[in-house]
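Everything below concerns the one structure shown next.
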Amino acid sequence: MTTDSTVRTFFSSPQFAVVGASTNPAKFGHKVFTWYHAHSLPVTPINPASASIETPYGVHPTVKSLAELKDPKHTSLSVITPAPVTLTVLKEAKKLGIPAVWLQPGTWDEAVLDFARGGDEEQEGGYEGAVVAGDGGHGHGGWCVLVDGEKGLKAAGKL
């Protein structure tokens, strides 16, 4: 279950990445990526189909996968992908030692939440880091960095 403490842990990382960062300003993958820049946070966009993403804060080179992150063990990860892709992302995040993930509304189903919250042996033991996901927060569809992020930044001493 996500708590304010989980959100604080997420924002305690020195670096961030957005899986599903989009070149389309109308999509949430673009809005979430831009939110990090608006709050002066170091963020890496992950998008296998685009070499860069332009925001009001400049043009930002992308990486194609989590494996290309410079320091995954010190990077919290925002995820904006369909549930089947999210499950694959979580498994890779676990292997790389990513300490915390934020699953935006619409990115999870019961299988994803089960794995994210520790899973069972059939699911390789589940993700082991902090998880912000599911019902809660102040957003309509659950925890959303666009709605709940500033409170988390304040709690982590970054705002």
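FYI, nothing fancy with the structure tokens labels: chains A, B, ... in order, residues from 1 per chain, ligands from 1 as they appear.
Inside segment 24-115 of chain A, the residues DSSP reads as strand (DSSP E or B) when given the backbone are Val43, Thr44, Pro45, Ile46, Ser52, Ile53, Glu54, Thr55, Gly58, Val59, His60, Pro61, Val63, Thr75, Ser76, Leu77, Ser78, Val79, Ala100, Val101, Trp102 and Leu103 of chain A.
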Please, could you write that set of residues out with all heavy atoms as a short mmCIF file (atom, residue, chain, number, x, y, z; two decimals), in the first residue's frame?
```cif
data_model
loop_
_atom_site.label_atom_id
_atom_site.label_comp_id
_atom_site.auth_asym_id
_atom_site.auth_seq_id
_atom_site.Cartn_x
_atom_site.Cartn_y
_atom_site.Cartn_z
N VAL A 43 16.28 14.39 -14.88
CA VAL A 43 15.40 13.33 -15.40
C VAL A 43 15.87 12.88 -16.78
O VAL A 43 16.28 13.70 -17.60
CB VAL A 43 13.92 13.79 -15.43
CG1 VAL A 43 13.73 15.00 -16.32
CG2 VAL A 43 12.99 12.65 -15.83
N THR A 44 15.79 11.58 -16.99
CA THR A 44 16.15 10.97 -18.27
C THR A 44 14.89 10.41 -18.92
O THR A 44 14.18 9.62 -18.30
CB THR A 44 17.16 9.82 -18.06
OG1 THR A 44 18.32 10.34 -17.42
CG2 THR A 44 17.54 9.17 -19.38
N PRO A 45 14.60 10.80 -20.17
CA PRO A 45 13.47 10.20 -20.86
C PRO A 45 13.85 8.85 -21.47
O PRO A 45 14.93 8.71 -22.05
CB PRO A 45 13.15 11.22 -21.96
CG PRO A 45 14.46 11.86 -22.26
CD PRO A 45 15.24 11.85 -20.96
N ILE A 46 12.97 7.88 -21.32
CA ILE A 46 13.19 6.57 -21.93
C ILE A 46 12.12 6.37 -23.00
O ILE A 46 10.92 6.33 -22.71
CB ILE A 46 13.14 5.44 -20.89
CG1 ILE A 46 14.21 5.69 -19.82
CG2 ILE A 46 13.33 4.08 -21.56
CD1 ILE A 46 14.17 4.71 -18.66
N SER A 52 15.15 12.07 -29.29
CA SER A 52 15.09 13.18 -28.34
C SER A 52 13.63 13.58 -28.12
O SER A 52 12.74 13.21 -28.89
CB SER A 52 15.88 14.39 -28.85
OG SER A 52 15.30 14.88 -30.05
N ILE A 53 13.43 14.34 -27.04
CA ILE A 53 12.10 14.88 -26.72
C ILE A 53 12.27 16.35 -26.42
O ILE A 53 13.12 16.75 -25.62
CB ILE A 53 11.48 14.15 -25.51
CG1 ILE A 53 11.20 12.69 -25.89
CG2 ILE A 53 10.20 14.85 -25.04
CD1 ILE A 53 10.66 11.83 -24.78
N GLU A 54 11.43 17.17 -27.06
CA GLU A 54 11.48 18.60 -26.87
C GLU A 54 10.41 19.03 -25.88
O GLU A 54 9.26 18.59 -25.97
CB GLU A 54 11.28 19.34 -28.19
CG GLU A 54 11.45 20.82 -28.08
CD GLU A 54 11.42 21.52 -29.43
OE1 GLU A 54 11.42 20.86 -30.47
OE2 GLU A 54 11.39 22.77 -29.40
N THR A 55 10.80 19.85 -24.92
CA THR A 55 9.88 20.43 -23.94
C THR A 55 10.13 21.94 -23.91
O THR A 55 11.08 22.41 -24.55
CB THR A 55 10.11 19.85 -22.53
OG1 THR A 55 11.32 20.38 -22.00
CG2 THR A 55 10.13 18.34 -22.52
N GLY A 58 13.81 22.72 -23.32
CA GLY A 58 14.87 22.36 -24.25
C GLY A 58 14.63 21.02 -24.93
O GLY A 58 13.55 20.42 -24.82
N VAL A 59 15.65 20.58 -25.65
CA VAL A 59 15.61 19.29 -26.34
C VAL A 59 16.45 18.32 -25.52
O VAL A 59 17.59 18.62 -25.16
CB VAL A 59 16.16 19.41 -27.78
CG1 VAL A 59 16.18 18.05 -28.46
CG2 VAL A 59 15.32 20.40 -28.58
N HIS A 60 15.88 17.16 -25.21
CA HIS A 60 16.52 16.22 -24.30
C HIS A 60 16.74 14.88 -25.00
O HIS A 60 15.79 14.27 -25.50
CB HIS A 60 15.62 16.01 -23.07
CG HIS A 60 15.14 17.31 -22.50
ND1 HIS A 60 15.92 18.09 -21.69
CD2 HIS A 60 13.98 17.99 -22.68
CE1 HIS A 60 15.25 19.18 -21.36
NE2 HIS A 60 14.07 19.14 -21.95
N PRO A 61 17.99 14.40 -25.04
CA PRO A 61 18.25 13.09 -25.65
C PRO A 61 17.62 11.98 -24.82
O PRO A 61 17.59 12.05 -23.59
CB PRO A 61 19.77 12.98 -25.65
CG PRO A 61 20.24 13.95 -24.61
CD PRO A 61 19.19 15.02 -24.51
N VAL A 63 17.11 7.73 -23.88
CA VAL A 63 17.75 6.42 -23.91
C VAL A 63 16.66 5.44 -24.31
O VAL A 63 15.47 5.70 -24.14
CB VAL A 63 18.40 6.04 -22.56
CG1 VAL A 63 19.52 7.02 -22.21
CG2 VAL A 63 17.40 5.96 -21.43
N THR A 75 18.33 5.93 -9.23
CA THR A 75 17.34 6.56 -10.10
C THR A 75 15.94 6.04 -9.78
O THR A 75 15.70 4.83 -9.84
CB THR A 75 17.66 6.26 -11.59
OG1 THR A 75 18.98 6.72 -11.88
CG2 THR A 75 16.66 6.92 -12.51
N SER A 76 15.03 6.95 -9.43
CA SER A 76 13.62 6.57 -9.28
C SER A 76 12.96 6.66 -10.65
O SER A 76 13.29 7.52 -11.46
CB SER A 76 12.91 7.48 -8.28
OG SER A 76 13.27 7.15 -6.96
N LEU A 77 12.00 5.79 -10.87
CA LEU A 77 11.44 5.59 -12.20
C LEU A 77 9.94 5.87 -12.24
O LEU A 77 9.18 5.24 -11.50
CB LEU A 77 11.70 4.14 -12.61
CG LEU A 77 11.35 3.68 -13.99
CD1 LEU A 77 12.22 4.38 -15.02
CD2 LEU A 77 11.54 2.17 -14.08
N SER A 78 9.52 6.81 -13.08
CA SER A 78 8.10 7.02 -13.35
C SER A 78 7.74 6.19 -14.58
O SER A 78 8.47 6.20 -15.57
CB SER A 78 7.79 8.48 -13.65
OG SER A 78 7.76 9.23 -12.47
N VAL A 79 6.61 5.49 -14.50
CA VAL A 79 6.21 4.59 -15.58
C VAL A 79 4.87 5.04 -16.16
O VAL A 79 3.90 5.20 -15.43
CB VAL A 79 6.12 3.14 -15.07
CG1 VAL A 79 5.73 2.20 -16.20
CG2 VAL A 79 7.44 2.71 -14.44
N ALA A 100 13.04 2.73 -6.59
CA ALA A 100 11.64 3.14 -6.43
C ALA A 100 11.00 3.37 -7.79
O ALA A 100 11.65 3.84 -8.73
CB ALA A 100 11.57 4.42 -5.59
N VAL A 101 9.71 3.05 -7.87
CA VAL A 101 8.95 3.27 -9.09
C VAL A 101 7.63 3.96 -8.75
O VAL A 101 7.06 3.75 -7.68
CB VAL A 101 8.66 1.97 -9.88
CG1 VAL A 101 9.95 1.34 -10.37
CG2 VAL A 101 7.86 0.99 -9.06
N TRP A 102 7.16 4.77 -9.69
CA TRP A 102 5.85 5.42 -9.58
C TRP A 102 5.06 4.98 -10.80
O TRP A 102 5.40 5.31 -11.93
CB TRP A 102 6.02 6.94 -9.57
CG TRP A 102 4.76 7.68 -9.24
CD1 TRP A 102 3.52 7.53 -9.81
CD2 TRP A 102 4.61 8.70 -8.24
NE1 TRP A 102 2.63 8.39 -9.24
CE2 TRP A 102 3.27 9.12 -8.27
CE3 TRP A 102 5.49 9.29 -7.35
CZ2 TRP A 102 2.78 10.12 -7.44
CZ3 TRP A 102 5.01 10.29 -6.52
CH2 TRP A 102 3.67 10.69 -6.56
N LEU A 103 4.01 4.20 -10.57
CA LEU A 103 3.16 3.71 -11.65
C LEU A 103 1.98 4.66 -11.80
O LEU A 103 1.08 4.70 -10.96
CB LEU A 103 2.68 2.29 -11.35
CG LEU A 103 3.77 1.27 -11.04
CD1 LEU A 103 3.15 -0.10 -10.79
CD2 LEU A 103 4.80 1.20 -12.17
#
```
I need the residues in segment 21-88 of chain A that are helix (DSSP H, G or I) according to DSSP; give them as a tab-separated table (two decimals) with N, CA, C and O atoms, in the first residue's frame.
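The result, written out as result_22.tsv:
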```tsv
chain	number	residue	atom	x	y	z
A	28	PHE	N	0.35	11.93	-21.63
A	28	PHE	CA	0.82	12.01	-20.25
A	28	PHE	C	2.32	11.70	-20.13
A	28	PHE	O	2.98	12.22	-19.24
A	29	GLY	N	2.86	10.90	-21.03
A	29	GLY	CA	4.29	10.63	-21.00
A	29	GLY	C	5.12	11.89	-21.22
A	29	GLY	O	6.22	12.03	-20.70
A	30	HIS	N	4.59	12.82	-21.97
A	30	HIS	CA	5.25	14.12	-22.18
A	30	HIS	C	5.00	15.03	-20.98
A	30	HIS	O	5.91	15.70	-20.48
A	31	LYS	N	3.77	15.04	-20.50
A	31	LYS	CA	3.41	15.91	-19.37
A	31	LYS	C	4.20	15.55	-18.11
A	31	LYS	O	4.68	16.44	-17.40
A	32	VAL	N	4.33	14.26	-17.83
A	32	VAL	CA	5.07	13.84	-16.65
A	32	VAL	C	6.55	14.18	-16.81
A	32	VAL	O	7.18	14.71	-15.88
A	33	PHE	N	7.13	13.90	-17.97
A	33	PHE	CA	8.53	14.24	-18.22
A	33	PHE	C	8.77	15.74	-18.03
A	33	PHE	O	9.71	16.16	-17.36
A	34	THR	N	7.89	16.55	-18.59
A	34	THR	CA	8.00	18.01	-18.46
A	34	THR	C	7.86	18.45	-17.01
A	34	THR	O	8.53	19.38	-16.57
A	35	TRP	N	7.00	17.77	-16.25
A	35	TRP	CA	6.81	18.10	-14.83
A	35	TRP	C	8.14	18.03	-14.08
A	35	TRP	O	8.44	18.91	-13.26
A	36	TYR	N	8.93	17.00	-14.34
A	36	TYR	CA	10.23	16.89	-13.68
A	36	TYR	C	11.12	18.09	-14.01
A	36	TYR	O	11.78	18.65	-13.14
A	37	HIS	N	11.13	18.51	-15.28
A	37	HIS	CA	11.92	19.67	-15.66
A	37	HIS	C	11.39	20.94	-15.00
A	37	HIS	O	12.17	21.78	-14.56
A	38	ALA	N	10.08	21.07	-14.93
A	38	ALA	CA	9.47	22.25	-14.30
A	38	ALA	C	9.87	22.37	-12.83
A	38	ALA	O	9.85	23.47	-12.27
A	66	LEU	N	15.91	0.87	-19.87
A	66	LEU	CA	16.41	1.05	-18.51
A	66	LEU	C	17.90	0.70	-18.41
A	66	LEU	O	18.64	1.33	-17.65
A	67	ALA	N	18.33	-0.28	-19.18
A	67	ALA	CA	19.72	-0.72	-19.14
A	67	ALA	C	20.69	0.39	-19.53
A	67	ALA	O	21.87	0.33	-19.18
A	68	GLU	N	20.22	1.41	-20.24
A	68	GLU	CA	21.07	2.51	-20.66
A	68	GLU	C	21.17	3.64	-19.63
A	68	GLU	O	21.91	4.60	-19.83
A	72	PRO	N	21.34	3.37	-12.48
A	72	PRO	CA	20.00	2.90	-12.14
A	72	PRO	C	19.77	2.70	-10.64
A	72	PRO	O	18.65	2.89	-10.16
A	73	LYS	N	20.81	2.37	-9.88
A	73	LYS	CA	20.63	2.12	-8.45
A	73	LYS	C	20.35	3.40	-7.66
A	73	LYS	O	19.99	3.34	-6.49
A	74	HIS	N	20.49	4.55	-8.32
A	74	HIS	CA	20.20	5.84	-7.68
A	74	HIS	C	19.18	6.64	-8.50
A	74	HIS	O	19.19	7.87	-8.47
A	83	ALA	N	-0.27	-1.76	-19.07
A	83	ALA	CA	0.01	-2.74	-18.02
A	83	ALA	C	0.94	-3.88	-18.44
A	83	ALA	O	1.89	-4.19	-17.71
A	84	PRO	N	0.74	-4.53	-19.61
A	84	PRO	CA	1.67	-5.62	-19.96
A	84	PRO	C	3.11	-5.15	-20.11
A	84	PRO	O	4.05	-5.86	-19.75
A	85	VAL	N	3.31	-3.94	-20.62
A	85	VAL	CA	4.64	-3.38	-20.76
A	85	VAL	C	5.18	-3.01	-19.37
A	85	VAL	O	6.35	-3.23	-19.07
A	86	THR	N	4.32	-2.48	-18.52
A	86	THR	CA	4.71	-2.10	-17.17
A	86	THR	C	5.29	-3.29	-16.41
A	86	THR	O	6.30	-3.17	-15.72
A	87	LEU	N	4.67	-4.45	-16.55
A	87	LEU	CA	5.17	-5.64	-15.86
A	87	LEU	C	6.59	-5.97	-16.32
A	87	LEU	O	7.46	-6.26	-15.50
A	88	THR	N	6.84	-5.88	-17.60
A	88	THR	CA	8.19	-6.11	-18.14
A	88	THR	C	9.17	-5.07	-17.60
A	88	THR	O	10.30	-5.41	-17.22
```
I'd like the neighbourhood of segment 149-153 of chain A as a PyMOL selection string, where a residue qualifies if any of its atoms comes within 10 Å (using only C-alpha atoms), though same-chain residues fewer than 5 positions away should be ignored. chain A and resi 4-12+35-36+39+137+143-144+158-159
Would you output that residue set with C-alpha atoms, as a tab-separated table (two decimals), in the first residue's frame?
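As a result, result36.tsv now contains:
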```tsv
chain	number	residue	atom	x	y	z
A	4	ASP	CA	3.21	9.44	2.10
A	5	SER	CA	6.40	7.74	3.31
A	6	THR	CA	6.59	5.76	0.06
A	7	VAL	CA	6.24	8.96	-1.95
A	8	ARG	CA	8.99	10.61	0.14
A	9	THR	CA	11.25	7.59	-0.51
A	10	PHE	CA	10.59	7.88	-4.25
A	11	PHE	CA	11.61	11.55	-4.28
A	12	SER	CA	14.69	10.91	-2.13
A	35	TRP	CA	6.81	18.10	-14.83
A	36	TYR	CA	10.23	16.89	-13.68
A	39	HIS	CA	10.62	21.22	-10.82
A	137	GLY	CA	-3.39	10.03	-3.59
A	143	TRP	CA	-1.47	8.24	-7.29
A	144	CYS	CA	-0.34	10.67	-10.00
A	158	LYS	CA	13.32	19.17	-2.53
A	159	LEU	CA	10.74	21.93	-2.74
```
Top pick for closest residue to Gln15 of chain A, considering A:Ile98, A:Lys27, A:Thr2, A:Thr81 and counting only C-alpha atoms: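 Among A:Ile98, A:Lys27, A:Thr2, A:Thr81, it is A:Ile98 that comes nearest to Gln15 of chain A.
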Using atom CA of Lys70 of chain A and atom CA of Ser50 of chain A as the two end points, give the distance in Å to one decimal.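 Atom CA of Ser50 of chain A lies 18.4 Å from atom CA of Lys70 of chain A.
Across A:Thr3, A:Leu96, A:Pro25, A:Glu110, the tightest approach to Pro56 of chain A is made by A:Pro25 when counting only C-alpha atoms.
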Residues within 10 Å of segment 115-119 of chain A, please, as a ChimeraX atom specification. Count only C-alpha atoms; anything in the same chain fewer than 3 positions from it doesn't count. /A:1-2,86-87,90-91,94,101,103,108,110-112,122-133
Would you mind telling me which residue in A:Gly136, A:Leu113, A:Gly106, A:Ser40 lies nearest to Asp148 of chain A when using only C-alpha atoms?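 Result for the nearest residue to Asp148 of chain A: A:Gly136.
For the choices A:Ala156, A:Thr62, A:Pro48, A:Ile80, the atom-to-atom distance to Gly20 of chain A is smallest for A:Ile80 when using only C-alpha atoms.
Minimum distance to Ala17 of chain A across A:Ala155, A:Val147, A:Ala49, A:Leu41 (counting only C-alpha atoms) occurs at A:Leu41.
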Pick the closest to Asp71 of chain A from A:Asn47, A:Gly97, A:Tyr57, A:Val19: which is it, counting only C-alpha atoms?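 Smallest distance to Asp71 of chain A is found for A:Gly97.
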How far is it from atom CA of Pro105 of chain A to atom CA of Pro42 of chain A, in Å with one decimal?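 Interatomic distance here is 22.5 Å.
Computed from the coordinates, the atom CA of Phe16 of chain A to atom CA of Val89 of chain A distance equals 14.8 Å.
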